[in-house]
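One structure is given below, encoded as structure tokens.
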Amino acid sequence: MSETEEIPSFLQKPRRVVRKFLARPQHEGNGAIVRRSIGRYELKYFDPFLVLDEFSVTTPAGFPDHPHRGFETVTYMLEGAIKHEDFEGHVGILKTGDLQWMTAGRGIVHSEMPLGSGISKGLQLWINLSSNNKMIEPKYQEMKREEIITASTTDINVRVIAGEAMGVLSPVYNRTPTMYLDFTLKPSAHLHQPINPTWNSFAYILQGEGIFGTEKSDPVGPHNLLLLGHGDGIEVWNKSIRPLRFVLLGGEPLGEPVAQFGPFVMNNDEEIDQTINDFNLCINGFEKAKHWRSTELMGS
């Protein structure tokens, strides 16, 4: 963990909030509740981001065996624990503060189920892959809570999941260049965070209320997604009496056509048809799906 006394103000063109969405609860998976802010009818795609869900799930609900192809899923636990397993034999448990960056590539079938009797909460982000990367071999990058790099001043703390903040750089490798930062601002804190001017970016509020973009803007509370306009960074103020926690994300747009059918994301309808055929016949990356079932389903 690194600590500095101040963050210099060096933004030449701070970004402003151009759209705001309140993520309302909806059912997903098997009895799980998600607040979906990207991937809903008002915002189908925000290049390169396909989905952002804030999920809340309690046993026996969850996300049982299901496939993916053509993108990456990033699961960041906020509370509780989730057990993950896939048809390659990869098994792991994500606890509060843990991260899993899964590249589905040419194909994964996996399950994500809560552990324990309490509520498990977290964020799941889907990041699109370029046409050159859609059929690469699946891969995982996983980090425990204590392995995620943090930096702080006297009134600001950041967990650097991907990209860079306050002079520290995450070791996570991005096939689609991405910034993913988890900020907590104490009351009266004022943040200046650079963002690559060519990237799309947004903020999602987890706790408290904050002022984003311009100091005269209205405060925004939990479960709101803020799309940011053009510029070289963002300014955020916490003028409330409680801490403000939000995630700030940015990504390099791919500028490619998107064809999506549920958990399959390709570049055109022909590739989607091929993917459905591959999955149904258990070929071209889905061979192990033919005989695999998660322990959750095997025990049911």
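The way I read the labels, and the way they are meant: chains A, B, ... in the order of the structure tokens, residue 1 as the first residue of every chain, and ligand 1 as the first ligand shown, with later ones counted on from there.
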
(request) Identify all residues of segment 4-211 of chain A in strand (DSSP E or B) (DSSP on the backbone) and supply them as a PyMOL selection string. (result) chain A and resi 14+17-22+25-28+30+32-38+40+43+46+49-57+62-69+71-79+81-86+91-95+99-103+108-114+120-128+139-143+149-152+156-162+164-165+168-169+178-185+190-194+200-207+210-211

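Proximity to Ala61 of chain A was assessed for A:Leu115, A:Val172, A:Val247, A:Ile127 counting only C-alpha atoms; the smallest distance is recorded for A:Leu115.
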
(message) Residues within 8 Å of segment 77-87 of chain A, please, as a ChimeraX atom specification. Count only C-alpha atoms; anything in the same chain fewer than 3 positions from it doesn't count.
(response) /A:90-99,108-116,118-123,288-289,292-294

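Considering only C-alpha atoms, the residue among A:Gln124, A:Ser56, A:Thr103, A:Asn174 positioned nearest to Ala162 of chain A is A:Asn174.
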
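Using only C-alpha atoms, the nearest neighbour of Thr178 of chain A within the list A:Asp218, A:Glu88, A:Glu147, A:Glu252 is A:Glu252.
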
(request) Would you mind listing what lies within 8 Å of Phe71 of chain A as a VMD selection string, with only C-alpha atoms counted and same-chain residues fewer than 5 positions away left out? (result) chain A and resid 103 to 105 126 to 129 134 265

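Counting only C-alpha atoms, the residue from A:Glu28, A:Leu227, A:Lys144, A:Thr154 that sits nearest to Leu43 of chain A is A:Leu227.
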
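What separates atom CA of Arg145 of chain A from atom CA of His27 of chain A is a distance of 28.0 Å.
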
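Ranking A:Asn132, A:Thr184, A:Gln26, A:Asn268 by their shortest atom-to-atom distance to Val236 of chain A, with only C-alpha atoms included, puts A:Thr184 first.
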
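Comparing the minimum interatomic distances between Ala151 of chain A and each of A:Ile38, A:Val168, A:Leu11, A:Leu226, counting only C-alpha atoms, we find that A:Val168 sits nearest.
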
(message) I want to know what sits within 7 Å of Val158 of chain A, based on only C-alpha atoms, with residues of the same chain fewer than 6 positions away left out; could you give that as an NGL selection string?
(response) :A and (150-152 or 181-184)

(message) With DSSP run on the backbone, what are the alpha helix (DSSP H) residues within segment 38-280 of chain A? I'd like them as number ranges by chain.
(response) A: 269-280

Prev. selection, N, CA and C atoms, output as an mmCIF file, in the first residue's frame:
data_model
loop_
_atom_site.group_PDB
_atom_site.id
_atom_site.type_symbol
_atom_site.label_atom_id
_atom_site.label_comp_id
_atom_site.auth_asym_id
_atom_site.auth_seq_id
_atom_site.Cartn_x
_atom_site.Cartn_y
_atom_site.Cartn_z
ATOM 1 N N ASP A 269 -24.060 -12.554 -37.075
ATOM 2 C CA ASP A 269 -25.042 -13.612 -36.806
ATOM 3 C C ASP A 269 -24.531 -14.989 -37.217
ATOM 4 N N GLU A 270 -23.721 -15.049 -38.265
ATOM 5 C CA GLU A 270 -23.188 -16.344 -38.692
ATOM 6 C C GLU A 270 -22.304 -16.944 -37.599
ATOM 7 N N GLU A 271 -21.504 -16.103 -36.946
ATOM 8 C CA GLU A 271 -20.650 -16.586 -35.866
ATOM 9 C C GLU A 271 -21.472 -17.008 -34.652
ATOM 10 N N ILE A 272 -22.579 -16.315 -34.412
ATOM 11 C CA ILE A 272 -23.476 -16.724 -33.321
ATOM 12 C C ILE A 272 -24.092 -18.086 -33.635
ATOM 13 N N ASP A 273 -24.543 -18.275 -34.869
ATOM 14 C CA ASP A 273 -25.106 -19.572 -35.269
ATOM 15 C C ASP A 273 -24.070 -20.680 -35.095
ATOM 16 N N GLN A 274 -22.837 -20.399 -35.481
ATOM 17 C CA GLN A 274 -21.771 -21.385 -35.338
ATOM 18 C C GLN A 274 -21.519 -21.702 -33.873
ATOM 19 N N THR A 275 -21.544 -20.654 -33.019
ATOM 20 C CA THR A 275 -21.329 -20.847 -31.584
ATOM 21 C C THR A 275 -22.414 -21.714 -30.969
ATOM 22 N N ILE A 276 -23.665 -21.452 -31.322
ATOM 23 C CA ILE A 276 -24.783 -22.264 -30.821
ATOM 24 C C ILE A 276 -24.610 -23.716 -31.256
ATOM 25 N N ASN A 277 -24.210 -23.912 -32.505
ATOM 26 C CA ASN A 277 -23.983 -25.259 -33.013
ATOM 27 C C ASN A 277 -22.829 -25.935 -32.269
ATOM 28 N N ASP A 278 -21.735 -25.188 -32.043
ATOM 29 C CA ASP A 278 -20.591 -25.736 -31.307
ATOM 30 C C ASP A 278 -20.998 -26.171 -29.904
ATOM 31 N N PHE A 279 -21.792 -25.341 -29.251
ATOM 32 C CA PHE A 279 -22.210 -25.659 -27.886
ATOM 33 C C PHE A 279 -23.146 -26.869 -27.875
ATOM 34 N N ASN A 280 -24.089 -26.907 -28.786
ATOM 35 C CA ASN A 280 -25.043 -28.027 -28.819
ATOM 36 C C ASN A 280 -24.362 -29.354 -29.141
#

(request) For Val34 of chain A, work out the shell of residues within 6 Å, counting only C-alpha atoms and skipping chain neighbours fewer than 2 positions away, then give it as number ranges by chain. (result) A: 25-26, 36, 53-55

Generate a file of the selected residues that holds N, CA, C and O atoms, formatted as a PDB file, in the first residue's frame.
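New file out.pdb:
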ATOM      1  N   PRO A  25     -33.694  -3.513  -9.367  1.00  0.00           N
ATOM      2  CA  PRO A  25     -33.569  -4.973  -9.189  1.00  0.00           C
ATOM      3  C   PRO A  25     -34.356  -5.750 -10.233  1.00  0.00           C
ATOM      4  O   PRO A  25     -35.457  -5.355 -10.625  1.00  0.00           O
ATOM      5  N   GLN A  26     -33.773  -6.861 -10.692  1.00  0.00           N
ATOM      6  CA  GLN A  26     -34.453  -7.789 -11.597  1.00  0.00           C
ATOM      7  C   GLN A  26     -33.939  -9.187 -11.309  1.00  0.00           C
ATOM      8  O   GLN A  26     -32.876  -9.361 -10.711  1.00  0.00           O
ATOM      9  N   ARG A  36     -28.979  -4.330 -13.031  1.00  0.00           N
ATOM     10  CA  ARG A  36     -28.241  -4.249 -14.296  1.00  0.00           C
ATOM     11  C   ARG A  36     -28.260  -2.817 -14.820  1.00  0.00           C
ATOM     12  O   ARG A  36     -29.328  -2.244 -15.057  1.00  0.00           O
ATOM     13  N   ASP A  53     -23.519  -5.854 -13.742  1.00  0.00           N
ATOM     14  CA  ASP A  53     -24.531  -6.289 -12.774  1.00  0.00           C
ATOM     15  C   ASP A  53     -24.003  -6.095 -11.364  1.00  0.00           C
ATOM     16  O   ASP A  53     -22.858  -6.467 -11.064  1.00  0.00           O
ATOM     17  N   GLU A  54     -24.833  -5.538 -10.501  1.00  0.00           N
ATOM     18  CA  GLU A  54     -24.606  -5.589  -9.060  1.00  0.00           C
ATOM     19  C   GLU A  54     -25.517  -6.698  -8.552  1.00  0.00           C
ATOM     20  O   GLU A  54     -26.736  -6.558  -8.569  1.00  0.00           O
ATOM     21  N   PHE A  55     -24.929  -7.818  -8.129  1.00  0.00           N
ATOM     22  CA  PHE A  55     -25.747  -8.985  -7.808  1.00  0.00           C
ATOM     23  C   PHE A  55     -25.871  -9.191  -6.304  1.00  0.00           C
ATOM     24  O   PHE A  55     -25.009  -8.802  -5.517  1.00  0.00           O
TER      25      PHE A  55
END
